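Text of the file protein02.txt, holding compact mmCIF, N, CA and C atoms:
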# COMPACT_ATOMS: atom_id res chain seq x y z
N MET A 29 178.74 10.34 198.84
CA MET A 29 178.04 9.91 200.04
C MET A 29 177.10 8.75 199.70
N HIS A 30 176.41 8.89 198.59
CA HIS A 30 175.45 7.85 198.18
C HIS A 30 176.15 6.51 198.00
N GLU A 31 177.26 6.52 197.30
CA GLU A 31 178.00 5.29 197.04
C GLU A 31 178.55 4.71 198.34
N TRP A 32 179.09 5.55 199.21
CA TRP A 32 179.64 5.08 200.49
C TRP A 32 178.55 4.43 201.33
N MET A 33 177.37 5.04 201.39
CA MET A 33 176.28 4.48 202.17
C MET A 33 175.87 3.11 201.63
N GLY A 34 175.77 3.01 200.32
CA GLY A 34 175.43 1.72 199.70
C GLY A 34 176.47 0.65 199.98
N ASP A 35 177.74 1.04 199.90
CA ASP A 35 178.84 0.09 200.17
C ASP A 35 178.81 -0.40 201.61
N ASN A 36 178.27 0.42 202.52
CA ASN A 36 178.23 0.06 203.94
C ASN A 36 176.86 -0.44 204.37
N THR A 37 176.08 -0.92 203.42
CA THR A 37 174.74 -1.47 203.63
C THR A 37 173.80 -0.54 204.38
N HIS A 38 173.95 0.77 204.15
CA HIS A 38 173.02 1.75 204.68
C HIS A 38 172.08 2.19 203.57
N THR A 39 170.93 2.70 203.94
CA THR A 39 169.93 3.13 202.97
C THR A 39 169.99 4.66 202.85
N PRO A 40 170.46 5.17 201.69
CA PRO A 40 170.57 6.61 201.54
C PRO A 40 169.21 7.27 201.27
N HIS A 41 168.97 8.37 201.97
CA HIS A 41 167.77 9.17 201.78
C HIS A 41 168.21 10.61 201.54
N ILE A 42 167.48 11.31 200.68
CA ILE A 42 167.74 12.74 200.49
C ILE A 42 166.51 13.53 200.92
N VAL A 43 166.75 14.74 201.39
CA VAL A 43 165.68 15.66 201.75
C VAL A 43 165.64 16.71 200.65
N VAL A 44 164.45 16.89 200.05
CA VAL A 44 164.29 17.79 198.92
C VAL A 44 163.28 18.88 199.26
N ASP A 45 163.64 20.12 198.92
CA ASP A 45 162.73 21.26 199.07
C ASP A 45 161.80 21.24 197.85
N ALA A 46 160.56 20.85 198.05
CA ALA A 46 159.61 20.69 196.96
C ALA A 46 159.15 22.00 196.37
N SER A 47 159.47 23.14 197.01
CA SER A 47 159.02 24.44 196.51
C SER A 47 159.96 25.04 195.46
N VAL A 48 161.12 24.42 195.25
CA VAL A 48 162.08 24.92 194.27
C VAL A 48 161.54 24.66 192.86
N ASP A 49 161.71 25.65 191.97
CA ASP A 49 161.25 25.50 190.58
C ASP A 49 161.91 24.29 189.93
N GLY A 50 161.10 23.51 189.22
CA GLY A 50 161.61 22.36 188.48
C GLY A 50 161.50 21.04 189.22
N VAL A 51 161.21 21.06 190.51
CA VAL A 51 161.09 19.82 191.28
C VAL A 51 159.84 19.08 190.84
N SER A 52 160.00 17.79 190.57
CA SER A 52 158.87 16.94 190.20
C SER A 52 158.84 15.75 191.15
N VAL A 53 157.98 15.83 192.15
CA VAL A 53 157.80 14.78 193.15
C VAL A 53 156.30 14.62 193.38
N PRO A 54 155.87 13.46 193.90
CA PRO A 54 154.43 13.31 194.19
C PRO A 54 154.01 14.24 195.32
N VAL A 55 153.15 15.23 195.02
CA VAL A 55 152.80 16.27 195.98
C VAL A 55 152.06 15.72 197.20
N GLU A 56 151.40 14.58 197.06
CA GLU A 56 150.68 14.01 198.21
C GLU A 56 151.61 13.50 199.30
N HIS A 57 152.91 13.39 199.00
CA HIS A 57 153.89 12.94 199.99
C HIS A 57 154.76 14.08 200.53
N VAL A 58 154.48 15.30 200.10
CA VAL A 58 155.22 16.48 200.57
C VAL A 58 154.65 16.92 201.91
N LYS A 59 155.54 17.14 202.89
CA LYS A 59 155.14 17.63 204.21
C LYS A 59 155.99 18.83 204.56
N ASP A 60 155.34 19.92 204.95
CA ASP A 60 156.04 21.17 205.30
C ASP A 60 156.95 21.65 204.18
N GLY A 61 156.55 21.42 202.94
CA GLY A 61 157.32 21.88 201.80
C GLY A 61 158.51 21.03 201.44
N LYS A 62 158.69 19.90 202.16
CA LYS A 62 159.85 19.03 201.92
C LYS A 62 159.38 17.59 201.72
N ILE A 63 160.22 16.81 201.07
CA ILE A 63 159.94 15.39 200.89
C ILE A 63 161.24 14.62 201.11
N ILE A 64 161.13 13.47 201.75
CA ILE A 64 162.28 12.59 201.97
C ILE A 64 162.17 11.45 200.97
N LEU A 65 163.24 11.24 200.22
CA LEU A 65 163.25 10.24 199.16
C LEU A 65 164.31 9.19 199.41
N ASN A 66 163.92 7.94 199.32
CA ASN A 66 164.84 6.80 199.42
C ASN A 66 165.51 6.66 198.06
N ILE A 67 166.83 6.83 198.02
CA ILE A 67 167.56 6.72 196.75
C ILE A 67 168.48 5.49 196.73
N SER A 68 168.08 4.45 197.45
CA SER A 68 168.85 3.21 197.40
C SER A 68 168.64 2.54 196.05
N GLU A 69 169.53 1.63 195.70
CA GLU A 69 169.44 0.93 194.42
C GLU A 69 168.14 0.15 194.28
N SER A 70 167.64 -0.38 195.38
CA SER A 70 166.42 -1.18 195.32
C SER A 70 165.16 -0.32 195.18
N ALA A 71 165.21 0.95 195.58
CA ALA A 71 164.02 1.81 195.54
C ALA A 71 164.02 2.77 194.36
N ALA A 72 165.19 3.26 193.97
CA ALA A 72 165.29 4.27 192.92
C ALA A 72 165.82 3.62 191.65
N HIS A 73 164.94 3.39 190.70
CA HIS A 73 165.33 2.74 189.44
C HIS A 73 165.80 3.79 188.45
N ASN A 74 166.83 3.42 187.68
CA ASN A 74 167.45 4.34 186.72
C ASN A 74 167.93 5.62 187.39
N LEU A 75 168.52 5.48 188.57
CA LEU A 75 169.01 6.63 189.33
C LEU A 75 170.14 7.31 188.58
N LYS A 76 170.01 8.64 188.45
CA LYS A 76 171.05 9.46 187.84
C LYS A 76 171.36 10.59 188.80
N LEU A 77 172.61 10.64 189.27
CA LEU A 77 173.09 11.71 190.14
C LEU A 77 174.09 12.51 189.33
N THR A 78 173.73 13.74 188.98
CA THR A 78 174.63 14.60 188.22
C THR A 78 174.86 15.89 189.00
N ASN A 79 175.69 16.76 188.47
CA ASN A 79 175.92 18.05 189.10
C ASN A 79 174.69 18.95 189.00
N ASP A 80 173.79 18.62 188.08
CA ASP A 80 172.61 19.45 187.86
C ASP A 80 171.36 18.97 188.58
N ALA A 81 171.20 17.64 188.69
CA ALA A 81 169.94 17.12 189.24
C ALA A 81 170.06 15.68 189.69
N VAL A 82 169.03 15.27 190.44
CA VAL A 82 168.84 13.87 190.83
C VAL A 82 167.57 13.43 190.13
N SER A 83 167.64 12.29 189.42
CA SER A 83 166.44 11.79 188.76
C SER A 83 166.39 10.27 188.89
N PHE A 84 165.17 9.75 189.00
CA PHE A 84 164.95 8.31 189.09
C PHE A 84 163.47 8.02 188.97
N ARG A 85 163.13 6.75 188.86
CA ARG A 85 161.75 6.28 188.83
C ARG A 85 161.53 5.46 190.09
N ALA A 86 160.44 5.74 190.80
CA ALA A 86 160.15 5.02 192.04
C ALA A 86 158.65 4.82 192.17
N ARG A 87 158.28 3.96 193.10
CA ARG A 87 156.87 3.73 193.39
C ARG A 87 156.49 4.45 194.67
N PHE A 88 155.38 5.14 194.63
CA PHE A 88 154.84 5.84 195.79
C PHE A 88 153.42 5.32 195.97
N GLY A 89 153.21 4.55 197.03
CA GLY A 89 151.91 3.94 197.24
C GLY A 89 151.54 2.99 196.12
N GLY A 90 152.55 2.33 195.55
CA GLY A 90 152.33 1.38 194.47
C GLY A 90 152.22 2.00 193.09
N VAL A 91 152.24 3.33 193.00
CA VAL A 91 152.11 4.02 191.72
C VAL A 91 153.48 4.52 191.26
N PRO A 92 153.93 4.11 190.05
CA PRO A 92 155.24 4.58 189.56
C PRO A 92 155.22 6.08 189.28
N PHE A 93 156.38 6.73 189.58
CA PHE A 93 156.50 8.17 189.40
C PHE A 93 157.93 8.50 189.00
N ASP A 94 158.10 9.38 188.01
CA ASP A 94 159.42 9.85 187.61
C ASP A 94 159.78 11.08 188.43
N VAL A 95 160.79 10.95 189.28
CA VAL A 95 161.23 12.03 190.17
C VAL A 95 162.33 12.83 189.50
N TRP A 96 162.25 14.15 189.64
CA TRP A 96 163.30 15.05 189.16
C TRP A 96 163.51 16.12 190.23
N ALA A 97 164.73 16.26 190.69
CA ALA A 97 165.05 17.26 191.70
C ALA A 97 166.33 17.99 191.31
N PRO A 98 166.22 19.27 190.94
CA PRO A 98 167.44 20.03 190.65
C PRO A 98 168.34 20.04 191.89
N MET A 99 169.63 20.06 191.68
CA MET A 99 170.57 19.95 192.79
C MET A 99 170.37 21.03 193.84
N GLN A 100 169.95 22.24 193.44
CA GLN A 100 169.75 23.30 194.43
C GLN A 100 168.57 23.02 195.35
N SER A 101 167.72 22.05 195.00
CA SER A 101 166.59 21.68 195.87
C SER A 101 166.96 20.62 196.90
N VAL A 102 168.11 19.97 196.72
CA VAL A 102 168.53 18.91 197.64
C VAL A 102 169.14 19.56 198.88
N LEU A 103 168.47 19.36 200.01
CA LEU A 103 168.89 19.99 201.26
C LEU A 103 169.89 19.15 202.04
N GLY A 104 169.89 17.82 201.82
CA GLY A 104 170.81 16.96 202.56
C GLY A 104 170.65 15.50 202.17
N ILE A 105 171.58 14.70 202.66
CA ILE A 105 171.56 13.25 202.45
C ILE A 105 171.92 12.61 203.78
N TYR A 106 171.25 11.50 204.12
CA TYR A 106 171.55 10.81 205.36
C TYR A 106 171.25 9.31 205.22
N ALA A 107 171.83 8.52 206.13
CA ALA A 107 171.59 7.09 206.16
C ALA A 107 170.41 6.81 207.10
N ARG A 108 169.42 6.08 206.61
CA ARG A 108 168.23 5.79 207.42
C ARG A 108 168.60 5.06 208.71
N GLU A 109 169.55 4.14 208.65
CA GLU A 109 169.88 3.31 209.80
C GLU A 109 170.55 4.08 210.93
N THR A 110 171.33 5.09 210.60
CA THR A 110 172.09 5.82 211.63
C THR A 110 171.63 7.26 211.80
N GLY A 111 170.98 7.80 210.80
CA GLY A 111 170.60 9.21 210.84
C GLY A 111 171.76 10.15 210.54
N GLN A 112 172.93 9.60 210.29
CA GLN A 112 174.10 10.42 210.01
C GLN A 112 174.15 10.77 208.54
N GLY A 113 174.61 11.98 208.25
CA GLY A 113 174.69 12.40 206.87
C GLY A 113 175.28 13.78 206.74
N MET A 114 174.77 14.52 205.76
CA MET A 114 175.33 15.82 205.45
C MET A 114 174.21 16.77 205.04
N ILE A 115 174.22 17.97 205.60
CA ILE A 115 173.28 19.02 205.22
C ILE A 115 174.03 19.95 204.27
N PHE A 116 173.36 20.34 203.19
CA PHE A 116 174.00 21.20 202.20
C PHE A 116 173.58 22.65 202.39
N SER A 117 174.53 23.55 202.21
CA SER A 117 174.28 24.98 202.34
C SER A 117 173.47 25.45 201.14
N GLN A 118 172.52 26.32 201.40
CA GLN A 118 171.69 26.87 200.33
C GLN A 118 172.03 28.33 200.07
N ASP A 119 173.22 28.77 200.49
CA ASP A 119 173.66 30.15 200.31
C ASP A 119 174.18 30.32 198.89
N THR A 120 173.31 30.75 197.96
CA THR A 120 173.68 30.85 196.56
C THR A 120 174.63 32.01 196.29
N GLU A 121 174.53 33.12 197.04
CA GLU A 121 175.43 34.25 196.82
C GLU A 121 176.87 33.86 197.13
N ALA A 122 177.08 33.13 198.21
CA ALA A 122 178.44 32.73 198.57
C ALA A 122 178.98 31.69 197.61
N ALA A 123 178.12 30.88 197.02
CA ALA A 123 178.56 29.82 196.13
C ALA A 123 178.85 30.31 194.72
N GLU A 124 178.38 31.51 194.37
CA GLU A 124 178.55 32.00 193.01
C GLU A 124 180.01 32.26 192.64
N HIS A 125 180.76 32.88 193.53
CA HIS A 125 182.12 33.25 193.20
C HIS A 125 183.03 32.95 194.38
N VAL A 126 183.89 31.98 194.20
CA VAL A 126 184.83 31.62 195.26
C VAL A 126 186.23 31.70 194.68
N GLU A 127 187.08 32.48 195.32
CA GLU A 127 188.46 32.61 194.89
C GLU A 127 189.28 31.44 195.41
N PRO A 128 190.07 30.80 194.56
CA PRO A 128 190.94 29.74 195.06
C PRO A 128 192.05 30.34 195.91
N PRO A 129 192.55 29.59 196.89
CA PRO A 129 193.63 30.11 197.72
C PRO A 129 194.90 30.31 196.90
N GLU A 130 195.68 31.30 197.29
CA GLU A 130 196.93 31.56 196.60
C GLU A 130 197.96 30.51 197.00
N LEU A 131 198.63 29.95 196.00
CA LEU A 131 199.63 28.92 196.28
C LEU A 131 201.01 29.55 196.32
N HIS A 132 201.83 29.07 197.25
CA HIS A 132 203.20 29.54 197.38
C HIS A 132 204.15 28.42 196.99
N ASN A 133 205.28 28.76 196.47
CA ASN A 133 206.28 27.75 196.08
C ASN A 133 207.27 27.45 197.19
N ASP A 134 207.02 27.98 198.40
CA ASP A 134 207.93 27.72 199.51
C ASP A 134 207.82 26.27 199.94
N PRO A 135 208.93 25.61 200.21
CA PRO A 135 208.84 24.23 200.70
C PRO A 135 208.21 24.20 202.09
N ILE A 136 207.43 23.19 202.33
CA ILE A 136 206.77 23.02 203.62
C ILE A 136 207.57 22.02 204.44
N GLU A 137 207.91 22.44 205.65
CA GLU A 137 208.66 21.56 206.53
C GLU A 137 207.75 20.49 207.12
N GLU A 138 208.19 19.28 207.10
CA GLU A 138 207.43 18.17 207.69
C GLU A 138 207.78 18.08 209.16
N THR A 139 206.81 18.32 210.02
CA THR A 139 207.08 18.33 211.45
C THR A 139 206.46 17.14 212.17
N ARG A 140 205.67 16.33 211.46
CA ARG A 140 205.02 15.20 212.11
C ARG A 140 205.99 14.04 212.24
N SER A 141 205.77 13.23 213.26
CA SER A 141 206.60 12.04 213.42
C SER A 141 206.09 10.95 212.48
N ARG A 142 206.91 10.02 212.18
CA ARG A 142 206.58 8.93 211.28
C ARG A 142 205.58 8.00 211.96
N PRO A 143 204.50 7.61 211.26
CA PRO A 143 203.51 6.71 211.86
C PRO A 143 204.11 5.30 212.06
N HIS A 144 203.59 4.59 213.05
CA HIS A 144 204.07 3.24 213.28
C HIS A 144 202.88 2.37 213.67
N LEU A 145 203.00 1.11 213.40
CA LEU A 145 201.98 0.13 213.72
C LEU A 145 202.53 -0.85 214.75
N THR A 146 201.68 -1.33 215.62
CA THR A 146 202.06 -2.32 216.62
C THR A 146 201.14 -3.51 216.48
N LEU A 147 201.69 -4.71 216.43
CA LEU A 147 200.90 -5.92 216.33
C LEU A 147 200.33 -6.27 217.70
N VAL A 148 199.00 -6.41 217.77
CA VAL A 148 198.33 -6.73 219.02
C VAL A 148 197.68 -8.09 218.84
N LYS A 149 197.95 -9.02 219.77
CA LYS A 149 197.35 -10.36 219.68
C LYS A 149 196.40 -10.58 220.79

Structure re-expressed in structure tokens:
Amino acid sequence: MHEWMGDNTHTPHIVVDASVDGVSVPVEHVKDGKIILNISESAAHNLKLTNDAVSFRARFGGVPFDVWAPMQSVLGIYARETGQGMIFSQDTEAAEHVEPPELHNDPIEETRSRPHLTLVK
């Protein structure tokens, strides 16, 4: 999502639950236990997005700060310009063990018609 937003000249922001253990954000910018962080290339220096955490260096009120947010603290990502994005589920019990669907070797019949294009001038 972050890369797609950047490619489309949108400014990606994440919403972080500041009460989660391990979160390191400037507490003076936390409101209602959450903080919104601009993670665009111009705002988030040395941005690292991994499966474990989001980390970067940014300025808050002109003061540099090293941000660290474990992935379980990230509640969502959205584009500032459109407000569109994705909210992440925080249901840890459901995420712990997920069975993959059973695969069958039966051939699947193709019932769709073939796509076609029409030239419009």

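Atom CA of A:Val51 to atom C of A:Arg85 spans 14.4 Å [interatomic distance, one decimal].
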
- Message: Please determine, counting only C-alpha atoms, which residue among A:Ile63, A:Val43, A:Ala71, A:Ala81 has the shortest atom-to-atom distance to A:Gln100.
- Response: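 The shortest atom-to-atom distance to A:Gln100 comes from A:Ala81.
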
- Item | Residues of stretch 31-105 of chain A in strand (DSSP E or B), written as an MDAnalysis selection string | chainID A and resid 40:45 52 59 62:66 73:77 81:88 91:98 102:105

- Task: With a distance cut-off of 12 Å and only C-alpha atoms, select the neighbouring residues of A:Pro54, excluding the residue or stretch itself and same-chain residues fewer than 6 positions from it, and output the selection as an MDAnalysis selection string.
- Result: chainID A and resid 44 46 61:65 85:89 91:97

- Query: Do you have the atom CA of A:Val55-atom CA of A:Leu103 distance handy?
  - Reply: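 Here the two named atoms are 17.3 Å from each other.
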
- If we count only C-alpha atoms, what is near A:Ser117 at a cut-off of 12 Å, once residues fewer than 6 positions away on the same chain are taken out, given as JSON, numbers by chain? {"A": [99, 100, 101, 102, 103, 104, 123]}

- Item | Atomic distance atom C of A:Asp49 - atom C of A:Lys76, expressed in Å with one decimal |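 One can read the atom C of A:Asp49 to atom C of A:Lys76 distance as 16.7 Å.
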
- Within 7 Å of A:Gly50, counting all atoms listed in the file, which residues qualify if same-chain residues fewer than 2 places away don't, as a PyMOL selection string? chain A and resi 47-48+52-53+96-98

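Restricting the calculation to only N, CA and C atoms, the smallest distance between A:Tyr106 and any of A:Asp60, A:Gly34, A:Pro40, A:Met29 is found for A:Pro40.
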
Name the residues in contact with A:Thr39 at a cut-off of 6 Å, using all atoms listed in the file, excluding same-chain residues fewer than 2 positions from it; report them as a PDB file with N, CA and C atoms, keeping the file's coordinate frame.
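The result, written out as around09.pdb:
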ATOM      1  N   MET A  33     177.370   5.040 201.390  1.00  0.00           N
ATOM      2  CA  MET A  33     176.280   4.480 202.170  1.00  0.00           C
ATOM      3  C   MET A  33     175.870   3.110 201.630  1.00  0.00           C
ATOM      4  N   THR A  37     176.080  -0.920 203.420  1.00  0.00           N
ATOM      5  CA  THR A  37     174.740  -1.470 203.630  1.00  0.00           C
ATOM      6  C   THR A  37     173.800  -0.540 204.380  1.00  0.00           C
ATOM      7  N   HIS A  41     168.970   8.370 201.970  1.00  0.00           N
ATOM      8  CA  HIS A  41     167.770   9.170 201.780  1.00  0.00           C
ATOM      9  C   HIS A  41     168.210  10.610 201.540  1.00  0.00           C
ATOM     10  N   SER A  68     168.080   4.450 197.450  1.00  0.00           N
ATOM     11  CA  SER A  68     168.850   3.210 197.400  1.00  0.00           C
ATOM     12  C   SER A  68     168.640   2.540 196.050  1.00  0.00           C
ATOM     13  N   TYR A 106     171.250  11.500 204.120  1.00  0.00           N
ATOM     14  CA  TYR A 106     171.550  10.810 205.360  1.00  0.00           C
ATOM     15  C   TYR A 106     171.250   9.310 205.220  1.00  0.00           C
ATOM     16  N   ALA A 107     171.830   8.520 206.130  1.00  0.00           N
ATOM     17  CA  ALA A 107     171.590   7.090 206.160  1.00  0.00           C
ATOM     18  C   ALA A 107     170.410   6.810 207.100  1.00  0.00           C
ATOM     19  N   ARG A 108     169.420   6.080 206.610  1.00  0.00           N
ATOM     20  CA  ARG A 108     168.230   5.790 207.420  1.00  0.00           C
ATOM     21  C   ARG A 108     168.600   5.060 208.710  1.00  0.00           C
ATOM     22  N   GLU A 109     169.550   4.140 208.650  1.00  0.00           N
ATOM     23  CA  GLU A 109     169.880   3.310 209.800  1.00  0.00           C
ATOM     24  C   GLU A 109     170.550   4.080 210.930  1.00  0.00           C
TER      25      GLU A 109
END

Stretch 41-56 of chain A, all listed atoms, 6 Å padding on each side: what axis-aligned box centre and edge lengths in Å to one decimal come out, as AutoDock Vina command-line options?
--center_x 159.8 --center_y 17.0 --center_z 195.2 --size_x 30.3 --size_y 29.3 --size_z 25.5
